[in-house]
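Asks: File coords17.cif follows (mmCIF, C-alpha atoms and all ligand atoms):
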data_structure
#
loop_
_atom_site.label_atom_id
_atom_site.label_comp_id
_atom_site.auth_asym_id
_atom_site.auth_seq_id
_atom_site.Cartn_x
_atom_site.Cartn_y
_atom_site.Cartn_z
CA MET A 1 -15.11 -26.63 12.20
CA ILE A 2 -15.36 -22.81 12.49
CA LYS A 3 -14.85 -19.99 10.01
CA GLY A 4 -12.67 -17.05 10.97
CA LYS A 5 -10.16 -14.48 9.79
CA ILE A 6 -6.42 -14.38 10.46
CA PHE A 7 -5.64 -11.14 12.30
CA GLN A 8 -2.00 -11.78 13.10
CA SER A 9 0.82 -14.07 12.09
CA LEU A 10 3.89 -14.61 14.23
CA SER A 11 6.50 -17.39 14.24
CA GLY A 12 4.24 -20.01 12.69
CA PHE A 13 1.17 -19.16 14.78
CA TYR A 14 -1.93 -17.56 13.30
CA ASP A 15 -4.32 -15.67 15.55
CA VAL A 16 -7.77 -16.23 14.12
CA HIS A 17 -10.77 -14.11 15.11
CA ALA A 18 -14.12 -15.88 15.05
CA ASP A 19 -17.41 -15.08 16.82
CA GLY A 20 -15.76 -12.36 18.91
CA LYS A 21 -13.02 -14.67 20.20
CA VAL A 22 -9.34 -15.09 19.37
CA TYR A 23 -7.87 -18.53 18.72
CA ARG A 24 -4.16 -19.25 18.40
CA THR A 25 -3.81 -21.70 15.54
CA ARG A 26 -1.17 -23.48 13.54
CA ALA A 27 -1.37 -24.59 9.93
CA ARG A 28 -1.40 -28.36 9.41
CA GLY A 29 1.62 -30.01 7.87
CA ASN A 30 -0.10 -30.49 4.53
CA PHE A 31 -0.06 -26.69 3.98
CA ARG A 32 3.69 -26.66 4.29
CA LYS A 33 4.06 -29.57 1.92
CA ARG A 34 1.91 -27.80 -0.67
CA LYS A 35 3.82 -24.58 -0.08
CA ILE A 36 0.69 -22.66 0.88
CA THR A 37 1.32 -19.98 3.44
CA PRO A 38 -1.70 -18.53 5.18
CA LEU A 39 -1.62 -14.73 5.22
CA VAL A 40 -3.04 -12.13 7.55
CA GLY A 41 -6.47 -11.28 6.12
CA ASP A 42 -7.11 -14.84 4.96
CA ASP A 43 -10.48 -16.35 5.76
CA VAL A 44 -9.97 -19.85 7.05
CA GLU A 45 -11.78 -22.86 8.46
CA PHE A 46 -10.22 -24.23 11.59
CA GLN A 47 -10.73 -26.84 14.26
CA ILE A 48 -10.55 -26.02 17.97
CA GLU A 49 -8.11 -28.30 19.73
CA ASP A 50 -8.28 -27.23 23.34
CA GLY A 51 -9.86 -24.05 24.67
CA ASP A 52 -8.45 -21.23 22.59
CA LYS A 53 -6.06 -23.26 20.46
CA GLY A 54 -6.65 -24.89 17.12
CA TYR A 55 -5.39 -25.73 13.70
CA ILE A 56 -6.26 -24.44 10.28
CA LEU A 57 -7.85 -27.02 7.99
CA ARG A 58 -8.67 -25.01 4.92
CA MET A 59 -8.15 -21.60 3.43
CA LEU A 60 -11.05 -19.95 1.68
CA PRO A 61 -10.52 -18.35 -1.73
CA ARG A 62 -8.67 -15.04 -1.71
CA LYS A 63 -9.93 -11.84 -3.31
CA ASN A 64 -6.33 -10.67 -3.72
CA SER A 65 -2.98 -10.74 -1.99
CA LEU A 66 0.12 -8.60 -1.73
CA VAL A 67 3.66 -9.86 -1.38
CA ARG A 68 4.98 -6.80 0.38
CA PRO A 69 3.37 -6.48 2.83
CA PRO A 70 2.18 -10.11 2.90
CA ILE A 71 -1.57 -9.78 3.30
CA ALA A 72 -4.79 -11.02 1.70
CA ASN A 73 -8.31 -9.78 0.93
CA ILE A 74 -7.58 -6.09 1.08
CA ASP A 75 -10.08 -3.51 -0.26
CA GLN A 76 -8.01 -0.37 0.08
CA ALA A 77 -4.53 0.81 0.91
CA ILE A 78 -3.48 3.97 2.68
CA VAL A 79 -0.24 4.94 1.02
CA ALA A 80 1.54 6.90 3.76
CA THR A 81 3.68 9.26 1.74
CA ALA A 82 6.26 11.35 3.54
CA ALA A 83 6.35 14.94 2.36
CA THR A 84 9.91 15.00 3.72
CA GLN A 85 12.16 12.90 5.99
CA PRO A 86 12.41 10.67 4.00
CA GLU A 87 12.24 13.01 1.02
CA PHE A 88 9.16 12.76 -1.22
CA SER A 89 9.74 10.46 -4.19
CA SER A 90 7.19 10.42 -7.02
CA ASN A 91 8.92 7.31 -8.33
CA LEU A 92 8.32 5.38 -5.13
CA LEU A 93 4.74 6.64 -4.92
CA ASP A 94 4.03 5.59 -8.52
CA ARG A 95 5.52 2.14 -7.96
CA GLN A 96 3.29 1.67 -4.93
CA LEU A 97 0.25 2.83 -6.91
CA ILE A 98 1.04 0.42 -9.77
CA ALA A 99 1.45 -2.51 -7.38
CA LEU A 100 -1.97 -1.66 -5.92
CA GLU A 101 -3.59 -1.26 -9.35
CA ILE A 102 -2.23 -4.70 -10.33
CA SER A 103 -3.85 -6.20 -7.23
CA HIS A 104 -7.13 -4.27 -7.69
CA ILE A 105 -6.68 -2.46 -4.38
CA LYS A 106 -7.90 1.12 -4.17
CA PRO A 107 -5.17 3.55 -3.07
CA ILE A 108 -5.70 6.45 -0.67
CA ILE A 109 -2.68 8.76 -0.71
CA TYR A 110 -2.06 10.33 2.69
CA PHE A 111 0.77 12.85 2.97
CA THR A 112 2.58 12.81 6.30
CA LYS A 113 4.96 15.41 7.76
CA THR A 114 3.48 18.27 5.73
CA ASP A 115 4.09 20.34 8.89
CA LEU A 116 7.84 20.10 8.30
CA LEU A 117 7.72 21.83 4.90
CA SER A 118 8.54 25.48 4.22
CA THR A 119 5.77 27.49 2.57
CA ALA A 120 7.45 27.20 -0.83
CA GLN A 121 7.95 23.42 -0.51
CA ARG A 122 4.41 23.09 0.68
CA ASP A 123 2.96 24.93 -2.33
CA GLN A 124 5.03 22.82 -4.66
CA LEU A 125 4.00 19.50 -3.11
CA GLN A 126 0.38 20.57 -2.88
CA THR A 127 0.40 21.03 -6.66
CA VAL A 128 1.72 17.47 -6.98
CA ALA A 129 -1.01 16.26 -4.61
CA MET A 130 -3.66 17.97 -6.74
CA GLY A 131 -2.22 16.23 -9.79
CA TYR A 132 -2.79 12.84 -8.16
CA GLN A 133 -6.28 13.91 -7.16
CA ALA A 134 -7.03 14.65 -10.82
CA ILE A 135 -6.06 11.10 -11.92
CA PRO A 136 -8.38 10.56 -9.89
CA TYR A 137 -7.07 9.17 -6.60
CA ASP A 138 -8.24 9.97 -3.08
CA VAL A 139 -5.57 12.29 -1.71
CA ILE A 140 -5.33 13.75 1.78
CA PHE A 141 -2.86 16.60 2.26
CA PRO A 142 -3.27 17.84 5.85
CA GLU A 143 -3.24 21.60 6.46
CA GLN A 144 -1.74 20.83 9.85
CA ALA A 145 -0.34 17.47 10.88
CA PHE A 146 -3.22 15.24 12.04
CA ASP A 147 -5.87 17.95 11.93
CA ASP A 148 -9.44 16.83 12.57
CA SER A 149 -10.68 17.31 9.04
CA SER A 150 -7.91 15.10 7.55
CA LEU A 151 -8.45 12.38 10.14
CA ASP A 152 -12.25 12.52 9.69
CA GLU A 153 -11.87 12.28 5.93
CA LEU A 154 -9.63 9.24 6.32
CA GLN A 155 -11.96 7.57 8.88
CA THR A 156 -14.86 7.97 6.47
CA LEU A 157 -12.90 6.35 3.64
CA LEU A 158 -11.84 3.42 5.86
CA ALA A 159 -15.21 2.63 7.41
CA GLY A 160 -16.41 -0.94 6.97
CA LYS A 161 -13.45 -1.91 4.79
CA GLU A 162 -10.34 -4.05 5.11
CA ASN A 163 -7.44 -1.70 4.69
CA VAL A 164 -3.70 -1.85 4.68
CA ILE A 165 -1.32 0.97 5.48
CA MET A 166 1.88 1.00 3.53
CA GLY A 167 4.81 3.29 3.06
CA GLN A 168 8.52 3.58 3.53
CA THR A 169 10.04 2.96 6.88
CA GLY A 170 9.77 6.16 8.89
CA ALA A 171 6.97 7.54 6.70
CA GLY A 172 4.78 7.78 9.79
CA LYS A 173 2.42 4.81 9.46
CA SER A 174 2.28 3.91 13.15
CA THR A 175 2.02 7.58 14.15
CA LEU A 176 -0.96 8.06 11.81
CA LEU A 177 -2.68 4.94 13.18
CA ASN A 178 -2.16 6.18 16.73
CA HIS A 179 -3.96 9.39 15.78
CA LEU A 180 -6.82 7.46 14.18
CA ALA A 181 -7.17 5.12 17.14
CA PRO A 182 -5.16 6.29 20.20
CA GLU A 183 -6.10 3.12 22.12
CA LEU A 184 -3.79 1.16 19.80
CA ASN A 185 -0.78 2.84 21.39
CA LEU A 186 1.59 1.58 18.69
CA LYS A 187 5.29 2.00 19.11
CA THR A 188 6.77 4.62 16.81
CA GLY A 189 10.37 5.11 15.89
CA GLU A 190 12.69 8.06 16.00
CA ILE A 191 14.16 8.69 12.61
CA SER A 192 17.86 8.11 12.80
CA ALA A 193 20.86 8.31 10.52
CA ALA A 194 20.37 4.57 10.05
CA LEU A 195 17.24 5.27 7.98
CA ASN A 196 18.86 4.27 4.72
CA ARG A 197 19.77 0.91 6.11
CA GLY A 198 16.15 0.37 7.00
CA LYS A 199 15.25 0.83 10.60
CA HIS A 200 11.98 -0.98 11.15
CA THR A 201 9.97 -0.25 14.24
CA THR A 202 7.02 -2.34 13.12
CA ARG A 203 8.02 -5.98 12.79
CA LYS A 204 4.92 -8.05 12.34
CA VAL A 205 1.82 -7.79 10.18
CA ALA A 206 -1.44 -7.56 12.11
CA LEU A 207 -5.00 -6.38 11.50
CA LEU A 208 -6.20 -3.68 13.86
CA GLN A 209 -9.74 -2.50 14.50
CA VAL A 210 -10.04 1.22 13.71
CA GLY A 211 -13.60 2.49 14.02
CA THR A 212 -15.67 0.15 11.88
CA GLY A 213 -12.73 -0.62 9.60
CA LEU A 214 -9.77 -2.95 9.83
CA ILE A 215 -6.26 -1.75 9.14
CA ALA A 216 -3.10 -3.76 8.78
CA ASP A 217 -0.01 -2.09 10.14
CA THR A 218 2.96 -3.53 8.37
CA PRO A 219 6.71 -3.47 8.43
CA GLY A 220 8.01 -0.57 6.39
CA PHE A 221 9.84 -1.23 3.19
CA SER A 222 12.45 0.69 1.29
CA SER A 223 11.66 -0.29 -2.27
CA TYR A 224 9.52 -2.65 -4.26
CA ASP A 225 10.63 -5.81 -5.97
CA THR A 226 10.44 -5.88 -9.73
CA LEU A 227 6.82 -5.73 -10.80
CA ASP A 228 5.62 -9.05 -12.14
CA ILE A 229 3.96 -7.78 -15.33
CA ASP A 230 4.54 -7.61 -19.07
CA TYR A 231 5.99 -4.23 -20.13
CA ARG A 232 3.24 -3.90 -22.76
CA ASP A 233 0.65 -3.90 -19.97
CA LEU A 234 2.31 -1.28 -17.78
CA ALA A 235 0.23 1.64 -19.09
CA ASN A 236 -2.97 -0.13 -18.01
CA TYR A 237 -1.95 0.48 -14.41
CA PHE A 238 -1.80 4.25 -14.93
CA PRO A 239 -5.53 5.11 -14.88
CA GLU A 240 -5.06 8.43 -16.69
CA PHE A 241 -2.98 6.76 -19.46
CA LYS A 242 -5.62 4.10 -19.84
CA ARG A 243 -8.30 6.77 -20.17
CA ALA A 244 -6.31 8.73 -22.75
CA SER A 245 -5.18 5.68 -24.74
CA VAL A 246 -8.58 5.18 -26.40
CA LYS A 247 -7.65 8.26 -28.47
CA CYS A 248 -4.18 6.98 -29.48
CA ARG A 249 -3.98 6.25 -33.20
CA PHE A 250 -2.75 2.69 -32.70
CA ARG A 251 -4.44 0.04 -30.69
CA GLY A 252 -1.90 -1.39 -28.27
CA CYS A 253 0.00 1.94 -28.28
CA VAL A 254 2.58 1.81 -25.48
CA HIS A 255 3.01 5.62 -25.66
CA VAL A 256 6.75 5.57 -26.34
CA ASN A 257 7.62 5.99 -30.04
CA GLU A 258 4.22 5.83 -31.73
CA PRO A 259 2.90 8.83 -33.68
CA ASP A 260 -0.44 10.42 -32.75
CA CYS A 261 -0.22 9.24 -29.18
CA GLU A 262 -2.82 10.89 -26.96
CA VAL A 263 -0.85 10.15 -23.79
CA LYS A 264 2.18 12.04 -25.10
CA ARG A 265 -0.09 14.85 -26.28
CA GLU A 266 -1.67 15.18 -22.82
CA VAL A 267 1.76 15.18 -21.20
CA SER A 268 2.89 18.07 -23.41
CA ASP A 269 -0.41 19.88 -22.78
CA GLY A 270 0.10 19.53 -19.03
CA ILE A 271 -3.00 17.37 -18.56
CA ILE A 272 -1.02 14.28 -17.57
CA MET A 273 1.74 14.95 -15.01
CA GLU A 274 5.18 14.88 -16.53
CA SER A 275 6.60 13.02 -13.51
CA ARG A 276 4.13 10.21 -14.11
CA TYR A 277 5.26 9.88 -17.70
CA THR A 278 8.97 9.97 -16.77
CA ASN A 279 8.40 7.29 -14.14
CA TYR A 280 6.42 5.28 -16.68
CA LEU A 281 9.25 5.38 -19.23
CA GLN A 282 11.82 4.40 -16.63
CA LEU A 283 9.77 1.45 -15.40
CA TYR A 284 8.87 0.46 -18.95
CA THR A 285 12.57 0.24 -19.82
CA ASP A 286 13.42 -1.60 -16.62
CA ILE A 287 10.72 -4.20 -17.15
CA LYS A 288 11.45 -4.60 -20.86
CA ASN A 289 15.17 -5.11 -20.26
CA ARG A 290 14.98 -7.51 -17.40
CA LYS A 291 16.35 -10.98 -17.95
CA PRO A 292 14.15 -13.24 -20.11
CA ASN A 293 14.39 -16.06 -17.58
CA TYR A 294 12.55 -13.85 -15.09
CA LYS A 295 9.42 -15.83 -14.28
CA LYS A 296 6.44 -14.77 -16.42
N1 LIG B 301 6.65 16.31 12.31
C1 LIG B 301 6.03 15.14 12.03
N2 LIG B 301 6.61 13.99 12.43
C2 LIG B 301 5.98 12.83 12.14
C3 LIG B 301 4.75 12.79 11.44
N3 LIG B 301 4.39 11.50 11.28
C4 LIG B 301 5.35 10.76 11.87
N4 LIG B 301 6.33 11.55 12.40
C5 LIG B 301 7.55 11.09 13.08
O1 LIG B 301 8.28 10.24 12.18
C6 LIG B 301 8.94 9.19 12.89
C7 LIG B 301 8.58 7.84 12.28
O2 LIG B 301 7.22 7.57 12.46
P1 LIG B 301 6.60 6.09 12.57
O3 LIG B 301 5.14 6.27 12.78
O4 LIG B 301 7.35 5.27 13.55
O5 LIG B 301 6.93 5.55 11.11
P2 LIG B 301 6.51 4.14 10.46
O6 LIG B 301 6.13 4.44 9.06
O7 LIG B 301 5.51 3.44 11.30
O8 LIG B 301 7.92 3.39 10.50
P3 LIG B 301 8.24 1.80 10.43
O9 LIG B 301 7.54 1.16 11.58
O10 LIG B 301 9.74 1.77 10.54
O11 LIG B 301 7.79 1.31 9.11
C8 LIG B 301 8.52 9.32 14.35
O12 LIG B 301 9.54 10.01 15.03
C9 LIG B 301 7.25 10.19 14.27
O13 LIG B 301 7.06 10.95 15.44
C10 LIG B 301 4.17 14.05 11.02
O14 LIG B 301 3.11 14.14 10.37
N5 LIG B 301 4.85 15.18 11.35
ZN ZN B 302 -0.34 6.26 -26.96
#
Represent the structure from my file as structure tokens, please.
Ligand SMILES: Nc1nc2c(ncn2[C@@H]2O[C@H](COP(=O)(O)OP(=O)(O)OP(=O)(O)O)[C@@H](O)[C@H]2O)c(=O)[nH]1
Ligand SMILES: [Zn+2]

Replies:
Amino acid sequence: MIKGKIFQSLSGFYDVHADGKVYRTRARGNFRKRKITPLVGDDVEFQIEDGDKGYILRMLPRKNSLVRPPIANIDQAIVATAATQPEFSSNLLDRQLIALEISHIKPIIYFTKTDLLSTAQRDQLQTVAMGYQAIPYDVIFPEQAFDDSSLDELQTLLAGKENVIMGQTGAGKSTLLNHLAPELNLKTGEISAALNRGKHTTRKVALLQVGTGLIADTPGFSSYDTLDIDYRDLANYFPEFKRASVKCRFRGCVHVNEPDCEVKREVSDGIIMESRYTNYLQLYTDIKNRKPNYKK
């Protein structure tokens, strides 16, 4: 029995890397019966059957896992955020950040297509980027598309870690990875009018070696599923709200109607970004109003 890591999953086969070799494995029937699906990033024990084939016997405990993209044991996520084409959405960005906070995965916000902005648009979005940096999140806002200093900064953050790259379809995930590691030669897609219907160039989830780090390139997605949390916990996934909330008058303040709420005070003082608070209220209402039979 050998220990390895699943690097790729395709049509029921799992490519496991172990001791510098790649084995094509299948999961045994008992996984299917117990409804356990191995994910890319899972550490597994497997048995070699013949040569480079084998079957997975056991999955080792997971540090974390994401549903979209389906992947396990991730340290960090590059959130590829289009400055335009598709248009920047703070709502989408915040939803991605919350999903990562819930899974204890550190976000790195990387703005793509900043080269397509006018000077005025650029100044405006750069202010937004600085707001996220103040939360604090790692934010990379390239002066020029794929300039050396942005790529170096990203490489440094990725080194030695298991990373995932996420972002809307067409955000530029594959293009960014090709700049980080040209030898990958990933296929990229032309943005078309079909964008809204979801044109996915990347179809499978796979871990790629980039410098000393691993990155999972994943199929793009258009929106997140409903977040599987209690509405009273939502503010915990906004780091700056969590920081401020120790000064709210009421313990368990959800920062909506309570008096003496520090979060609301910091929003009106311009310390907390107004867009973050608006997105919070919208999500709070959505989660609170969803059907009671929703699991959880
Ligand atoms: N001008 C400009 N174009 C970019 C940039 N990044 C990506 N693009 C273009 O945007 C289009 C989509 O890029 P992809 O890398 O295929 O996007 P993706 O996020 O991998 O898309 P999916 O695989 O569908 O999820 C391609 O035509 C790229 O050439 C950028 O920084 N500037
Ligand atoms: Zn409060």

Asks: Could you give me, as a VMD selection string, the residues within 8 Å of region 104-109 of chain A, counting all atoms listed in the file and dropping anything in the same chain fewer than 2 positions from it?

Replies: chain A and resid 64 74 to 81 97 100 to 102 111 137 to 140

Asks: Residues at most 8 Å from Thr175 (chain A), counting all atoms listed in the file, excluding those fewer than 3 positions away in the same chain, as number ranges by chain?

Replies: A: 172, 178-179, 186, 188

Asks: Which chains and residue numbers are within 12 Å of ligand ZN 302 (chain B), counting all atoms listed in the file, if I want them as number ranges by chain?

Replies: A: 232, 235-236, 240-267, 277

Asks: Could you work out how far CA of Thr119 (chain A) lies from CA of Ala145 (chain A), giving the answer in Å with one decimal?

Replies: 14.4 Å

Asks: What does the structure give for the distance between CA of Leu214 (chain A) and CA of Asn163 (chain A), in Å to one decimal?

Replies: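 Pair CA of Leu214 (chain A) / CA of Asn163 (chain A) returns 5.8 Å.
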
Asks: When you draw a straight line from atom P1 of ligand LIG 301 (chain B) to CA of Pro69 (chain A), how long is it in Å?

Replies: 16.2 Å

Asks: Could you name the residues that touch Leu10 (chain A) at 9 Å or less, counting all atoms listed in the file, but leaving out those on the same chain fewer than 5 positions away, as a PyMOL selection string?

Replies: chain A and resi 15+204-205

Asks: Keeping only C-alpha atoms, write those residues as a PDB file, keeping the file's coordinate frame.

Replies:
ATOM      1  CA  ASP A  15      -4.320 -15.670  15.550  1.00  0.00           C
ATOM      2  CA  LYS A 204       4.920  -8.050  12.340  1.00  0.00           C
ATOM      3  CA  VAL A 205       1.820  -7.790  10.180  1.00  0.00           C
TER       4      VAL A 205
END

Asks: Between A:Asp19, A:Glu162, A:Asp52, A:Glu143, which one has atoms that come closest to ligand LIG 301 (chain B), using all atoms listed in the file?

Replies: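 Checking each candidate against ligand LIG 301 (chain B), we get A:Glu143 as the closest.
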
Asks: For Thr156 (chain A), which residue out of A:Thr37, A:Arg24, A:Thr114, A:Val210 is the nearest one, using all atoms listed in the file?

Replies: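 Of A:Thr37, A:Arg24, A:Thr114, A:Val210, the one nearest Thr156 (chain A), counting all atoms listed in the file, is A:Val210.
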
Asks: Axis-aligned box over every listed atom of region 86-98 of chain A, padded by 3 Å per side: centre and edges in Å to one decimal, as AutoDock Vina command-line options?

Replies:
--center_x 6.3 --center_y 6.7 --center_z -2.9 --size_x 18.2 --size_y 18.6 --size_z 19.8

Asks: Nearest to ligand LIG 301 (chain B) among A:Asp115, A:Asp94, A:Asp147, A:Asp286, with distances taken over only C-alpha atoms and all ligand atoms: which residue is it?

Replies: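 Using only C-alpha atoms and all ligand atoms, ligand LIG 301 (chain B) sits closest to A:Asp115.
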
Asks: Of the residues A:Leu93, A:Ala27, A:Leu234, A:Ala18, which is the one nearest to Ser275 (chain A), using only C-alpha atoms?

Replies: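 When distances to Ser275 (chain A) are compared using only C-alpha atoms, the smallest one comes from A:Leu93.
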
Asks: Which one of A:Leu57, A:Leu283, A:Ile98, A:Ile215 sits closest to Ala159 (chain A) if you count only C-alpha atoms?

Replies: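 Nearest to Ala159 (chain A): A:Ile215.
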
Asks: Just want the 10 Å neighbourhood of region 121-126 of chain A, counted on all atoms listed in the file, with same-chain residues fewer than 3 positions away dropped. Output as a list in words.

Replies: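 Returned residues: Ala83, Thr84, Phe88, Phe111, Thr114, Asp115, Leu116, Leu117, Ser118, Ala129, Met130, Gly131, Tyr132, Phe141, Pro142 and Glu143 of chain A.
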
Asks: Since the input lacks atoms, please generate N, CA and C atoms for region 48-62 of chain A and provide them as a tab-separated table (two decimals), in the coordinates of the input.

Replies:
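Just written: out.tsv:
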chain	number	residue	atom	x	y	z
A	48	ILE	N	-11.04	-26.34	16.63
A	48	ILE	CA	-10.55	-26.02	17.97
A	48	ILE	C	-9.94	-27.28	18.57
A	49	GLU	N	-8.77	-27.13	19.16
A	49	GLU	CA	-8.11	-28.30	19.73
A	49	GLU	C	-8.36	-28.35	21.24
A	50	ASP	N	-7.88	-27.29	21.94
A	50	ASP	CA	-8.28	-27.23	23.34
A	50	ASP	C	-8.42	-25.78	23.75
A	51	GLY	N	-9.59	-25.42	24.22
A	51	GLY	CA	-9.86	-24.05	24.67
A	51	GLY	C	-9.72	-23.05	23.54
A	52	ASP	N	-8.62	-22.28	23.59
A	52	ASP	CA	-8.45	-21.23	22.59
A	52	ASP	C	-7.36	-21.58	21.57
A	53	LYS	N	-7.05	-22.86	21.46
A	53	LYS	CA	-6.06	-23.26	20.46
A	53	LYS	C	-6.72	-24.06	19.35
A	54	GLY	N	-6.05	-24.12	18.21
A	54	GLY	CA	-6.65	-24.89	17.12
A	54	GLY	C	-5.71	-25.03	15.96
A	55	TYR	N	-6.19	-25.67	14.91
A	55	TYR	CA	-5.39	-25.73	13.70
A	55	TYR	C	-6.24	-25.48	12.46
A	56	ILE	N	-5.58	-24.83	11.51
A	56	ILE	CA	-6.26	-24.44	10.28
A	56	ILE	C	-6.38	-25.65	9.36
A	57	LEU	N	-7.61	-25.88	8.88
A	57	LEU	CA	-7.85	-27.02	7.99
A	57	LEU	C	-7.89	-26.58	6.53
A	58	ARG	N	-8.42	-25.40	6.31
A	58	ARG	CA	-8.67	-25.01	4.92
A	58	ARG	C	-8.63	-23.50	4.82
A	59	MET	N	-8.11	-23.03	3.69
A	59	MET	CA	-8.15	-21.60	3.43
A	59	MET	C	-9.21	-21.32	2.39
A	60	LEU	N	-10.00	-20.29	2.62
A	60	LEU	CA	-11.05	-19.95	1.68
A	60	LEU	C	-10.45	-19.10	0.56
A	61	PRO	N	-11.10	-19.08	-0.59
A	61	PRO	CA	-10.52	-18.35	-1.73
A	61	PRO	C	-10.20	-16.89	-1.39
A	62	ARG	N	-9.10	-16.42	-1.94
A	62	ARG	CA	-8.67	-15.04	-1.71
A	62	ARG	C	-9.22	-14.12	-2.78
